[in-house]
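Structure below is structure.pdb: PDB, N, CA and C atoms.
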ATOM      1  N   MET A 356       2.320   7.128 -24.746
ATOM      2  CA  MET A 356       1.844   6.692 -23.437
ATOM      3  C   MET A 356       2.657   7.400 -22.350
ATOM      4  N   GLU A 357       2.002   7.719 -21.279
ATOM      5  CA  GLU A 357       2.667   8.369 -20.156
ATOM      6  C   GLU A 357       3.748   7.456 -19.584
ATOM      7  N   VAL A 358       4.872   8.021 -19.208
ATOM      8  CA  VAL A 358       6.025   7.248 -18.738
ATOM      9  C   VAL A 358       5.672   6.417 -17.498
ATOM     10  N   LYS A 359       4.998   7.022 -16.514
ATOM     11  CA  LYS A 359       4.661   6.290 -15.292
ATOM     12  C   LYS A 359       3.793   5.073 -15.594
ATOM     13  N   LYS A 360       2.849   5.212 -16.528
ATOM     14  CA  LYS A 360       1.985   4.081 -16.915
ATOM     15  C   LYS A 360       2.796   2.995 -17.605
ATOM     16  N   SER A 361       3.695   3.390 -18.501
ATOM     17  CA  SER A 361       4.535   2.445 -19.218
ATOM     18  C   SER A 361       5.449   1.683 -18.249
ATOM     19  N   VAL A 362       6.073   2.415 -17.328
ATOM     20  CA  VAL A 362       6.934   1.771 -16.323
ATOM     21  C   VAL A 362       6.098   0.821 -15.479
ATOM     22  N   GLY A 363       4.905   1.237 -15.111
ATOM     23  CA  GLY A 363       4.026   0.387 -14.315
ATOM     24  C   GLY A 363       3.684  -0.915 -15.013
ATOM     25  N   GLN A 364       3.388  -0.835 -16.298
ATOM     26  CA  GLN A 364       3.074  -2.053 -17.064
ATOM     27  C   GLN A 364       4.283  -2.987 -17.118
ATOM     28  N   ARG A 365       5.445  -2.416 -17.323
ATOM     29  CA  ARG A 365       6.655  -3.236 -17.382
ATOM     30  C   ARG A 365       7.010  -3.813 -16.014
ATOM     31  N   LEU A 366       6.751  -3.049 -14.954
ATOM     32  CA  LEU A 366       6.950  -3.583 -13.601
ATOM     33  C   LEU A 366       6.088  -4.812 -13.385
ATOM     34  N   SER A 367       4.848  -4.703 -13.767
ATOM     35  CA  SER A 367       3.914  -5.819 -13.604
ATOM     36  C   SER A 367       4.379  -7.044 -14.390
ATOM     37  N   LEU A 368       4.778  -6.838 -15.635
ATOM     38  CA  LEU A 368       5.251  -7.958 -16.462
ATOM     39  C   LEU A 368       6.514  -8.593 -15.876
ATOM     40  N   ALA A 369       7.456  -7.760 -15.456
ATOM     41  CA  ALA A 369       8.710  -8.276 -14.895
ATOM     42  C   ALA A 369       8.458  -9.016 -13.582
ATOM     43  N   ARG A 370       7.568  -8.475 -12.761
ATOM     44  CA  ARG A 370       7.244  -9.114 -11.483
ATOM     45  C   ARG A 370       6.637 -10.492 -11.707
ATOM     46  N   LYS A 371       5.685 -10.568 -12.610
ATOM     47  CA  LYS A 371       5.020 -11.847 -12.900
ATOM     48  C   LYS A 371       6.005 -12.843 -13.514
ATOM     49  N   ALA A 372       6.870 -12.374 -14.407
ATOM     50  CA  ALA A 372       7.868 -13.253 -15.024
ATOM     51  C   ALA A 372       8.839 -13.803 -13.991
ATOM     52  N   ALA A 373       9.122 -13.010 -12.958
ATOM     53  CA  ALA A 373      10.040 -13.437 -11.900
ATOM     54  C   ALA A 373       9.335 -14.302 -10.858
ATOM     55  N   GLY A 374       8.014 -14.392 -10.943
ATOM     56  CA  GLY A 374       7.259 -15.249 -10.033
ATOM     57  C   GLY A 374       6.952 -14.634  -8.676
ATOM     58  N   TYR A 375       6.907 -13.319  -8.609
ATOM     59  CA  TYR A 375       6.613 -12.624  -7.348
ATOM     60  C   TYR A 375       5.187 -12.084  -7.343
ATOM     61  N   THR A 376       4.598 -12.033  -6.158
ATOM     62  CA  THR A 376       3.313 -11.374  -5.987
ATOM     63  C   THR A 376       3.569  -9.908  -5.651
ATOM     64  N   GLN A 377       2.524  -9.106  -5.724
ATOM     65  CA  GLN A 377       2.671  -7.716  -5.306
ATOM     66  C   GLN A 377       3.042  -7.646  -3.826
ATOM     67  N   GLU A 378       2.481  -8.527  -3.029
ATOM     68  CA  GLU A 378       2.771  -8.548  -1.589
ATOM     69  C   GLU A 378       4.254  -8.827  -1.332
ATOM     70  N   GLN A 379       4.800  -9.832  -2.012
ATOM     71  CA  GLN A 379       6.220 -10.172  -1.839
ATOM     72  C   GLN A 379       7.116  -9.016  -2.284
ATOM     73  N   THR A 380       6.749  -8.399  -3.391
ATOM     74  CA  THR A 380       7.535  -7.287  -3.911
ATOM     75  C   THR A 380       7.488  -6.104  -2.946
ATOM     76  N   ALA A 381       6.316  -5.800  -2.445
ATOM     77  CA  ALA A 381       6.163  -4.699  -1.496
ATOM     78  C   ALA A 381       7.000  -4.942  -0.246
ATOM     79  N   THR A 382       7.045  -6.169   0.218
ATOM     80  CA  THR A 382       7.839  -6.496   1.398
ATOM     81  C   THR A 382       9.310  -6.203   1.145
ATOM     82  N   LYS A 383       9.809  -6.555  -0.034
ATOM     83  CA  LYS A 383      11.211  -6.275  -0.377
ATOM     84  C   LYS A 383      11.503  -4.776  -0.382
ATOM     85  N   LEU A 384      10.488  -3.978  -0.748
ATOM     86  CA  LEU A 384      10.649  -2.529  -0.799
ATOM     87  C   LEU A 384      10.277  -1.864   0.531
ATOM     88  N   ARG A 385       9.903  -2.679   1.495
ATOM     89  CA  ARG A 385       9.494  -2.196   2.829
ATOM     90  C   ARG A 385       8.327  -1.212   2.742
ATOM     91  N   MET A 386       7.269  -1.656   2.043
ATOM     92  CA  MET A 386       6.059  -0.845   1.925
ATOM     93  C   MET A 386       4.839  -1.753   1.896
ATOM     94  N   LEU A 387       3.672  -1.168   1.979
ATOM     95  CA  LEU A 387       2.432  -1.930   1.888
ATOM     96  C   LEU A 387       2.159  -2.322   0.440
ATOM     97  N   ARG A 388       1.421  -3.418   0.259
ATOM     98  CA  ARG A 388       1.076  -3.877  -1.082
ATOM     99  C   ARG A 388       0.323  -2.790  -1.846
ATOM    100  N   GLN A 389      -0.575  -2.086  -1.163
ATOM    101  CA  GLN A 389      -1.359  -1.042  -1.812
ATOM    102  C   GLN A 389      -0.461   0.074  -2.353
ATOM    103  N   ALA A 390       0.580   0.391  -1.615
ATOM    104  CA  ALA A 390       1.520   1.421  -2.082
ATOM    105  C   ALA A 390       2.269   0.929  -3.315
ATOM    106  N   TYR A 391       2.729  -0.335  -3.288
ATOM    107  CA  TYR A 391       3.427  -0.878  -4.458
ATOM    108  C   TYR A 391       2.502  -0.903  -5.680
ATOM    109  N   ALA A 392       1.251  -1.265  -5.463
ATOM    110  CA  ALA A 392       0.290  -1.330  -6.572
ATOM    111  C   ALA A 392       0.174   0.016  -7.273
ATOM    112  N   ARG A 393       0.371   1.096  -6.544
ATOM    113  CA  ARG A 393       0.302   2.433  -7.149
ATOM    114  C   ARG A 393       1.441   2.659  -8.145
ATOM    115  N   TYR A 394       2.565   1.994  -7.953
ATOM    116  CA  TYR A 394       3.651   2.071  -8.940
ATOM    117  C   TYR A 394       3.237   1.338 -10.207
ATOM    118  N   GLU A 395       2.678   0.144 -10.047
ATOM    119  CA  GLU A 395       2.250  -0.631 -11.219
ATOM    120  C   GLU A 395       1.093   0.044 -11.951
ATOM    121  N   ASN A 396       0.294   0.816 -11.231
ATOM    122  CA  ASN A 396      -0.831   1.519 -11.847
ATOM    123  C   ASN A 396      -0.449   2.889 -12.393
ATOM    124  N   GLY A 397       0.833   3.250 -12.290
ATOM    125  CA  GLY A 397       1.307   4.510 -12.851
ATOM    126  C   GLY A 397       0.912   5.736 -12.058
ATOM    127  N   ILE A 398       0.615   5.562 -10.768
ATOM    128  CA  ILE A 398       0.239   6.687  -9.925
ATOM    129  C   ILE A 398       1.472   7.296  -9.266
ATOM    130  N   PHE A 399       2.386   6.438  -8.795
ATOM    131  CA  PHE A 399       3.621   6.877  -8.149
ATOM    132  C   PHE A 399       4.810   6.617  -9.069
ATOM    133  N   GLU A 400       5.896   7.395  -8.885
ATOM    134  CA  GLU A 400       7.147   7.180  -9.602
ATOM    135  C   GLU A 400       8.163   6.513  -8.684
ATOM    136  N   LEU A 401       8.956   5.602  -9.240
ATOM    137  CA  LEU A 401      10.021   4.949  -8.482
ATOM    138  C   LEU A 401      11.179   5.915  -8.264
ATOM    139  N   ASN A 402      11.844   5.775  -7.124
ATOM    140  CA  ASN A 402      13.084   6.516  -6.934
ATOM    141  C   ASN A 402      14.238   5.600  -7.363
ATOM    142  N   TYR A 403      15.441   6.126  -7.358
ATOM    143  CA  TYR A 403      16.597   5.349  -7.838
ATOM    144  C   TYR A 403      16.817   4.081  -7.021
ATOM    145  N   GLU A 404      16.733   4.197  -5.722
ATOM    146  CA  GLU A 404      16.961   3.035  -4.855
ATOM    147  C   GLU A 404      15.932   1.934  -5.121
ATOM    148  N   GLN A 405      14.683   2.320  -5.292
ATOM    149  CA  GLN A 405      13.637   1.343  -5.591
ATOM    150  C   GLN A 405      13.869   0.697  -6.949
ATOM    151  N   MET A 406      14.269   1.500  -7.920
ATOM    152  CA  MET A 406      14.539   0.976  -9.268
ATOM    153  C   MET A 406      15.645  -0.072  -9.229
ATOM    154  N   ILE A 407      16.715   0.225  -8.512
ATOM    155  CA  ILE A 407      17.834  -0.717  -8.406
ATOM    156  C   ILE A 407      17.387  -2.000  -7.721
ATOM    157  N   THR A 408      16.646  -1.876  -6.627
ATOM    158  CA  THR A 408      16.154  -3.047  -5.895
ATOM    159  C   THR A 408      15.283  -3.918  -6.788
ATOM    160  N   LEU A 409      14.385  -3.294  -7.534
ATOM    161  CA  LEU A 409      13.481  -4.060  -8.401
ATOM    162  C   LEU A 409      14.216  -4.706  -9.569
ATOM    163  N   CYS A 410      15.178  -4.022 -10.140
ATOM    164  CA  CYS A 410      15.959  -4.611 -11.235
ATOM    165  C   CYS A 410      16.698  -5.856 -10.757
ATOM    166  N   LYS A 411      17.261  -5.789  -9.564
ATOM    167  CA  LYS A 411      17.947  -6.960  -9.000
ATOM    168  C   LYS A 411      16.956  -8.067  -8.685
ATOM    169  N   LEU A 412      15.827  -7.708  -8.084
ATOM    170  CA  LEU A 412      14.819  -8.696  -7.702
ATOM    171  C   LEU A 412      14.232  -9.401  -8.924
ATOM    172  N   PHE A 413      13.913  -8.638  -9.956
ATOM    173  CA  PHE A 413      13.281  -9.190 -11.155
ATOM    174  C   PHE A 413      14.286  -9.631 -12.214
ATOM    175  N   ASP A 414      15.573  -9.429 -11.954
ATOM    176  CA  ASP A 414      16.632  -9.783 -12.893
ATOM    177  C   ASP A 414      16.385  -9.156 -14.275
ATOM    178  N   CYS A 415      16.177  -7.850 -14.250
ATOM    179  CA  CYS A 415      15.978  -7.119 -15.501
ATOM    180  C   CYS A 415      16.771  -5.820 -15.431
ATOM    181  N   SER A 416      16.876  -5.141 -16.547
ATOM    182  CA  SER A 416      17.636  -3.892 -16.577
ATOM    183  C   SER A 416      16.713  -2.700 -16.325
ATOM    184  N   SER A 417      17.302  -1.618 -15.902
ATOM    185  CA  SER A 417      16.530  -0.383 -15.750
ATOM    186  C   SER A 417      16.062   0.095 -17.125
ATOM    187  N   ASP A 418      16.852  -0.169 -18.154
ATOM    188  CA  ASP A 418      16.436   0.182 -19.517
ATOM    189  C   ASP A 418      15.121  -0.509 -19.875
ATOM    190  N   TYR A 419      14.974  -1.772 -19.471
ATOM    191  CA  TYR A 419      13.723  -2.488 -19.736
ATOM    192  C   TYR A 419      12.565  -1.799 -19.008
ATOM    193  N   LEU A 420      12.722  -1.542 -17.710
ATOM    194  CA  LEU A 420      11.646  -0.933 -16.939
ATOM    195  C   LEU A 420      11.272   0.449 -17.477
ATOM    196  N   LEU A 421      12.249   1.172 -17.990
ATOM    197  CA  LEU A 421      12.002   2.508 -18.527
ATOM    198  C   LEU A 421      11.520   2.490 -19.973
ATOM    199  N   GLY A 422      11.443   1.311 -20.578
ATOM    200  CA  GLY A 422      10.943   1.197 -21.945
ATOM    201  C   GLY A 422      11.967   1.485 -23.019
ATOM    202  N   LEU A 423      13.254   1.446 -22.649
ATOM    203  CA  LEU A 423      14.315   1.730 -23.623
ATOM    204  C   LEU A 423      14.849   0.481 -24.306
ATOM    205  N   SER A 424      14.474  -0.690 -23.778
ATOM    206  CA  SER A 424      14.886  -1.960 -24.396
ATOM    207  C   SER A 424      13.837  -3.020 -24.092
ATOM    208  N   GLU A 425      13.973  -4.125 -24.750
ATOM    209  CA  GLU A 425      13.088  -5.264 -24.483
ATOM    210  C   GLU A 425      13.797  -6.238 -23.572
ATOM    211  N   LEU A 426      13.050  -7.093 -22.946
ATOM    212  CA  LEU A 426      13.594  -8.061 -21.987
ATOM    213  C   LEU A 426      14.611  -8.990 -22.582
TER     214      LEU A 426
END

Exercise: express the given structure as structure tokens:
Amino acid sequence: MEVKKSVGQRLSLARKAAGYTQEQTATKLRMLRQAYARYENGIFELNYEQMITLCKLFDCSSDYLLGLSEL
């Protein structure tokens, strides 16, 4: 599976497990919901700063988001 798609699926799972909506998550990243949705859909790649912010927000590791470990 393509890395961006895999990361997107894990982002979606982590976001839902943490109880956040796409809108709330996008606000934390200072972007529109539609832009954030492109990360979950595997269209855009996260940068390091976004990855760190999301790991803290969702209380998960970057290894999990990158598919190197399980939650």

### Message
If we count only N, CA and C atoms and set the cut-off at 8 Å, which residues sit around Gly363 of chain A, ignoring sequence neighbours fewer than 6 positions away in its own chain? Please answer as a list in words.
### Response
Glu357, Ala369, Arg393, Tyr394, Glu395, Asn396, Gly397, Ile398, Leu420 and Leu421 of chain A

## Note on the structure
Separating atom CA of Lys383 of chain A from atom C of Lys371 of chain A, to the nearest tenth of an Å, is a gap of 15.6 Å

### Summary
Using only C-alpha atoms, the best pick from A:Val362, A:Leu423, A:Leu409, A:Cys415 as closest to Gln377 of chain A would be A:Leu409

### Query
What is the atom N of Gln405 of chain A-atom N of Glu425 of chain A distance in Å, reported with one decimal?
20.5 Å

### Query
In chain A, what's helix (DSSP H, G or I) per DSSP? Answer as an MDAnalysis selection string?
chainID A and resid 358:373 377:383 388:395 403:413 417:420

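Interatomic distance, atom CA of Ser424 of chain A against atom CA of Arg385 of chain A: 27.8 Å.
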
### Query
For this file, the PyMOL selection byres ((chain A and resi 378) around 8) selects which residues, as JSON, numbers by chain?
{"A": [375, 376, 377, 379, 380, 381, 382, 383, 384, 386, 387, 388, 389, 391, 392]}

### Task
Give the answer as one residue: which of A:Ile407, A:Tyr419, A:Phe399, A:Phe413 has the shortest atom-to-atom distance to Arg365 of chain A, using all atoms listed in the file?
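Of all the options, A:Tyr419 lies closest to Arg365 of chain A.
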
Selection result of the PyMOL selection byres (((chain A and resi 414 and name CA) around 10) and name CA) on this file, as a compact mmCIF listing (two decimals) with N, CA and C atoms, keeping the file's coordinate frame:
# COMPACT_ATOMS: atom_id res chain seq x y z
N ALA A 369 7.46 -7.76 -15.46
CA ALA A 369 8.71 -8.28 -14.90
C ALA A 369 8.46 -9.02 -13.58
N ARG A 370 7.57 -8.48 -12.76
CA ARG A 370 7.24 -9.11 -11.48
C ARG A 370 6.64 -10.49 -11.71
N ALA A 372 6.87 -12.37 -14.41
CA ALA A 372 7.87 -13.25 -15.02
C ALA A 372 8.84 -13.80 -13.99
N ALA A 373 9.12 -13.01 -12.96
CA ALA A 373 10.04 -13.44 -11.90
C ALA A 373 9.34 -14.30 -10.86
N THR A 408 16.65 -1.88 -6.63
CA THR A 408 16.15 -3.05 -5.90
C THR A 408 15.28 -3.92 -6.79
N LEU A 409 14.38 -3.29 -7.53
CA LEU A 409 13.48 -4.06 -8.40
C LEU A 409 14.22 -4.71 -9.57
N CYS A 410 15.18 -4.02 -10.14
CA CYS A 410 15.96 -4.61 -11.24
C CYS A 410 16.70 -5.86 -10.76
N LYS A 411 17.26 -5.79 -9.56
CA LYS A 411 17.95 -6.96 -9.00
C LYS A 411 16.96 -8.07 -8.68
N LEU A 412 15.83 -7.71 -8.08
CA LEU A 412 14.82 -8.70 -7.70
C LEU A 412 14.23 -9.40 -8.92
N PHE A 413 13.91 -8.64 -9.96
CA PHE A 413 13.28 -9.19 -11.16
C PHE A 413 14.29 -9.63 -12.21
N CYS A 415 16.18 -7.85 -14.25
CA CYS A 415 15.98 -7.12 -15.50
C CYS A 415 16.77 -5.82 -15.43
N SER A 416 16.88 -5.14 -16.55
CA SER A 416 17.64 -3.89 -16.58
C SER A 416 16.71 -2.70 -16.32
N SER A 417 17.30 -1.62 -15.90
CA SER A 417 16.53 -0.38 -15.75
C SER A 417 16.06 0.10 -17.12
N LEU A 426 13.05 -7.09 -22.95
CA LEU A 426 13.59 -8.06 -21.99
C LEU A 426 14.61 -8.99 -22.58
